[in-house]
>>> print(open('my_file-v3.txt').read())   # compact mmCIF, C-alpha atoms
# COMPACT_ATOMS: atom_id res chain seq x y z
CA GLN V 774 -16.57 -12.30 5.40
CA VAL V 775 -15.68 -8.85 4.10
CA GLN V 776 -16.73 -7.46 0.74
CA LEU V 777 -14.67 -4.68 -0.82
CA VAL V 778 -15.68 -2.44 -3.71
CA GLU V 779 -13.23 0.06 -5.20
CA SER V 780 -14.13 3.17 -7.16
CA GLY V 781 -12.54 6.39 -8.36
CA GLY V 782 -10.14 5.15 -11.00
CA GLY V 783 -9.84 6.78 -14.39
CA LEU V 784 -7.62 8.47 -16.93
CA VAL V 785 -5.52 11.43 -15.80
CA GLN V 786 -2.57 13.36 -17.18
CA ALA V 787 0.84 13.16 -15.58
CA GLY V 788 0.98 15.51 -12.61
CA GLY V 789 -2.72 15.13 -11.93
CA SER V 790 -4.59 13.71 -8.97
CA LEU V 791 -7.13 11.01 -8.23
CA ARG V 792 -8.81 9.72 -5.09
CA LEU V 793 -9.69 6.06 -4.88
CA SER V 794 -12.32 4.78 -2.49
CA CYS V 795 -12.87 1.32 -1.08
CA ALA V 796 -16.22 0.59 0.52
CA ALA V 797 -16.27 -2.37 2.88
CA SER V 798 -19.21 -4.40 4.11
CA GLY V 799 -19.58 -7.52 6.16
CA ARG V 800 -17.62 -8.24 9.29
CA THR V 801 -16.33 -5.58 11.64
CA PHE V 802 -14.43 -3.20 9.43
CA SER V 803 -12.44 -1.56 12.19
CA SER V 804 -10.76 -4.82 13.26
CA TYR V 805 -8.94 -5.24 9.95
CA ALA V 806 -5.83 -3.71 8.51
CA MET V 807 -6.57 -2.15 5.14
CA ALA V 808 -4.20 -1.79 2.24
CA TRP V 809 -3.89 -0.80 -1.38
CA PHE V 810 -1.96 -2.81 -3.95
CA ARG V 811 -1.52 -2.30 -7.66
CA GLN V 812 -0.75 -4.48 -10.63
CA ALA V 813 0.55 -3.27 -13.96
CA PRO V 814 0.33 -5.42 -17.11
CA GLY V 815 2.91 -8.20 -17.05
CA LYS V 816 3.99 -7.41 -13.49
CA GLU V 817 3.30 -8.86 -10.08
CA ARG V 818 0.89 -7.25 -7.70
CA GLU V 819 2.78 -4.80 -5.54
CA PHE V 820 2.18 -3.12 -2.21
CA VAL V 821 1.25 0.55 -2.26
CA ALA V 822 0.01 1.56 1.20
CA ARG V 823 -1.44 0.21 4.42
CA TRP V 824 -3.46 1.57 7.34
CA SER V 825 -3.26 -0.42 10.55
CA GLY V 826 -4.08 0.67 14.08
CA GLY V 827 -3.69 4.31 13.17
CA THR V 828 -0.28 3.78 11.57
CA THR V 829 0.33 4.18 7.86
CA TYR V 830 2.95 2.57 5.67
CA TYR V 831 3.92 3.34 2.09
CA ALA V 832 5.96 1.89 -0.71
CA GLY V 833 9.00 4.01 -1.41
CA SER V 834 7.80 4.76 -4.93
CA VAL V 835 4.65 6.53 -3.70
CA LYS V 836 5.75 8.02 -0.39
CA GLY V 837 5.09 11.73 -0.33
CA ARG V 838 2.60 11.52 -3.21
CA PHE V 839 -0.03 9.07 -1.97
CA THR V 840 -1.99 9.20 1.27
CA ILE V 841 -4.08 6.40 2.72
CA SER V 842 -6.88 7.29 5.09
CA ARG V 843 -9.77 5.52 6.69
CA GLU V 844 -13.23 6.53 7.80
CA ASN V 845 -14.62 3.85 10.07
CA ALA V 846 -18.05 5.47 10.32
CA LYS V 847 -18.46 4.97 6.57
CA ASN V 848 -16.55 1.68 6.40
CA THR V 849 -14.40 3.26 3.74
CA VAL V 850 -10.70 3.56 3.05
CA TYR V 851 -9.27 6.10 0.62
CA LEU V 852 -6.11 6.51 -1.41
CA GLN V 853 -5.40 10.11 -2.34
CA MET V 854 -2.91 10.25 -5.19
CA ILE V 855 -1.18 13.42 -6.33
CA SER V 856 1.66 14.16 -8.75
CA LEU V 857 0.76 11.07 -10.68
CA LYS V 858 3.30 9.57 -13.06
CA PRO V 859 2.86 7.26 -16.07
CA GLU V 860 4.52 4.51 -14.05
CA ASP V 861 1.59 4.67 -11.60
CA THR V 862 -0.61 3.19 -14.31
CA ALA V 863 -2.09 -0.06 -12.99
CA VAL V 864 -5.17 -1.75 -11.66
CA TYR V 865 -5.46 -0.74 -8.02
CA TYR V 866 -6.83 -3.21 -5.50
CA CYS V 867 -8.13 -2.71 -2.01
CA ALA V 868 -7.33 -5.44 0.51
CA ALA V 869 -8.24 -6.32 4.09
CA GLY V 870 -6.60 -8.67 6.52
CA PRO V 871 -6.19 -9.44 10.22
CA ILE V 872 -3.83 -6.94 11.79
CA MET V 873 -1.50 -9.64 13.14
CA ALA V 874 -1.30 -11.58 9.88
CA ALA V 875 1.47 -9.30 8.69
CA VAL V 876 3.73 -10.31 11.59
CA ALA V 877 4.66 -13.57 9.88
CA VAL V 878 4.97 -12.53 6.25
CA GLY V 879 5.16 -8.75 6.29
CA ILE V 880 2.78 -5.96 5.42
CA ARG V 881 3.84 -5.94 1.76
CA SER V 882 2.92 -9.56 1.14
CA VAL V 883 -0.37 -10.39 -0.53
CA SER V 884 -0.55 -13.33 1.87
CA SER V 885 -1.24 -10.93 4.75
CA TYR V 886 -4.64 -10.08 3.30
CA ASP V 887 -7.68 -12.32 3.12
CA TYR V 888 -10.11 -10.15 1.20
CA TRP V 889 -9.71 -8.30 -2.08
CA GLY V 890 -11.79 -5.99 -4.19
CA GLN V 891 -12.27 -6.34 -7.93
CA GLY V 892 -9.85 -3.54 -8.75
CA THR V 893 -10.13 -0.14 -10.40
CA GLN V 894 -8.05 0.98 -13.38
CA VAL V 895 -5.81 4.03 -13.07
CA THR V 896 -4.20 5.27 -16.27
CA VAL V 897 -1.74 8.16 -16.26
CA SER V 898 -0.89 9.62 -19.64
CA SER V 899 2.38 11.39 -20.36
>>> encode(input="my_file-v3.txt", output="structure tokens")
Amino acid sequence: QVQLVESGGGLVQAGGSLRLSCAASGRTFSSYAMAWFRQAPGKEREFVARWSGGTTYYAGSVKGRFTISRENAKNTVYLQMISLKPEDTAVYYCAAGPIMAAVAVGIRSVSSYDYWGQGTQVTVSS
């Protein structure tokens, strides 16, 4: 069992920055792939970024603006967001899943992740 708690969301103007944190507890943190998803009102949850085995992956819409990083000693994964846009407004979720789970359904599928945090709201004003 893995418990995930996100923090760091808030209200920011377009062009601003935020850093989200996801603190993990429970089973061995380092053995899981970690990811960030987001969900805007009326839309499906969508993949944002993933850290797995030292390799990072990003959705095209955030590549070059968002950076996912991981600090195993603190059991924490981060999402640094710069040059934020109003379309980045969403609830951001941290997720964890077995590294090999993504082989069958892909890293962008919610089905690749077994554990989810409660979400943190990010609002970008224009």
>>> residues_around(input="my_file-v3.txt", residues="segment 875-887 of chain V", least_positions_apart="3", cutoff="6 Å", atoms="only C-alpha atoms", output="list in words")
Phe820, Ala869 and Gly870 of chain V
>>> closest_residue(input="my_file-v3.txt", among="V:Thr829, V:Ser842, V:Ser780, V:Thr849", to="Phe802 of chain V", atoms="all atoms listed in the file")
V:Thr849
>>> closest_residue(input="my_file-v3.txt", among="V:Tyr830, V:Tyr888, V:Tyr851, V:Tyr865", to="Arg818 of chain V", atoms="all atoms listed in the file")
V:Tyr865
>>> residues_around(input="my_file-v3.txt", residues="Ala813 of chain V", least_positions_apart="4", cutoff="9 Å", atoms="all atoms listed in the file", output="JSON, numbers by chain")
{"V": [817, 818, 819, 860, 861, 862, 863, 864, 865]}
>>> write_last_selection(input="my_file-v3.txt", atoms="C-alpha atoms", output="PDB file, in the coordinates of the input")
ATOM      1  CA  GLU V 817       3.300  -8.860 -10.080  1.00  0.00           C
ATOM      2  CA  ARG V 818       0.890  -7.250  -7.700  1.00  0.00           C
ATOM      3  CA  GLU V 819       2.780  -4.800  -5.540  1.00  0.00           C
ATOM      4  CA  GLU V 860       4.520   4.510 -14.050  1.00  0.00           C
ATOM      5  CA  ASP V 861       1.590   4.670 -11.600  1.00  0.00           C
ATOM      6  CA  THR V 862      -0.610   3.190 -14.310  1.00  0.00           C
ATOM      7  CA  ALA V 863      -2.090  -0.060 -12.990  1.00  0.00           C
ATOM      8  CA  VAL V 864      -5.170  -1.750 -11.660  1.00  0.00           C
ATOM      9  CA  TYR V 865      -5.460  -0.740  -8.020  1.00  0.00           C
TER      10      TYR V 865
END
>>> closest_residue(input="my_file-v3.txt", among="V:Cys795, V:Ala846, V:Ala874, V:Val785", to="Gly892 of chain V", atoms="only C-alpha atoms")
V:Cys795
>>> closest_residue(input="my_file-v3.txt", among="V:Gln894, V:Glu844, V:Phe839, V:Ala797", to="Ala868 of chain V", atoms="only C-alpha atoms")
V:Ala797
>>> decode(input="my_file-v3.txt", residues="segment 801-821 of chain V", atoms="C-alpha atoms", output="compact mmCIF listing (two decimals), in the first residue's frame")
# COMPACT_ATOMS: atom_id res chain seq x y z
CA THR V 801 9.07 0.91 -1.06
CA PHE V 802 8.82 4.22 -2.85
CA SER V 803 11.78 3.68 -5.14
CA SER V 804 10.26 0.58 -6.77
CA TYR V 805 7.35 2.51 -8.27
CA ALA V 806 7.00 4.70 -11.30
CA MET V 807 5.59 8.08 -10.32
CA ALA V 808 3.44 10.33 -12.44
CA TRP V 809 1.38 13.48 -12.46
CA PHE V 810 -2.04 13.72 -14.08
CA ARG V 811 -4.51 16.58 -14.20
CA GLN V 812 -8.24 16.93 -14.62
CA ALA V 813 -10.04 20.08 -15.67
CA PRO V 814 -13.79 20.54 -15.08
CA GLY V 815 -15.81 18.49 -17.55
CA LYS V 816 -12.74 16.77 -18.97
CA GLU V 817 -11.10 13.41 -18.53
CA ARG V 818 -8.04 12.97 -16.40
CA GLU V 819 -4.98 13.43 -18.58
CA PHE V 820 -1.34 12.47 -18.34
CA VAL V 821 1.14 15.23 -17.55
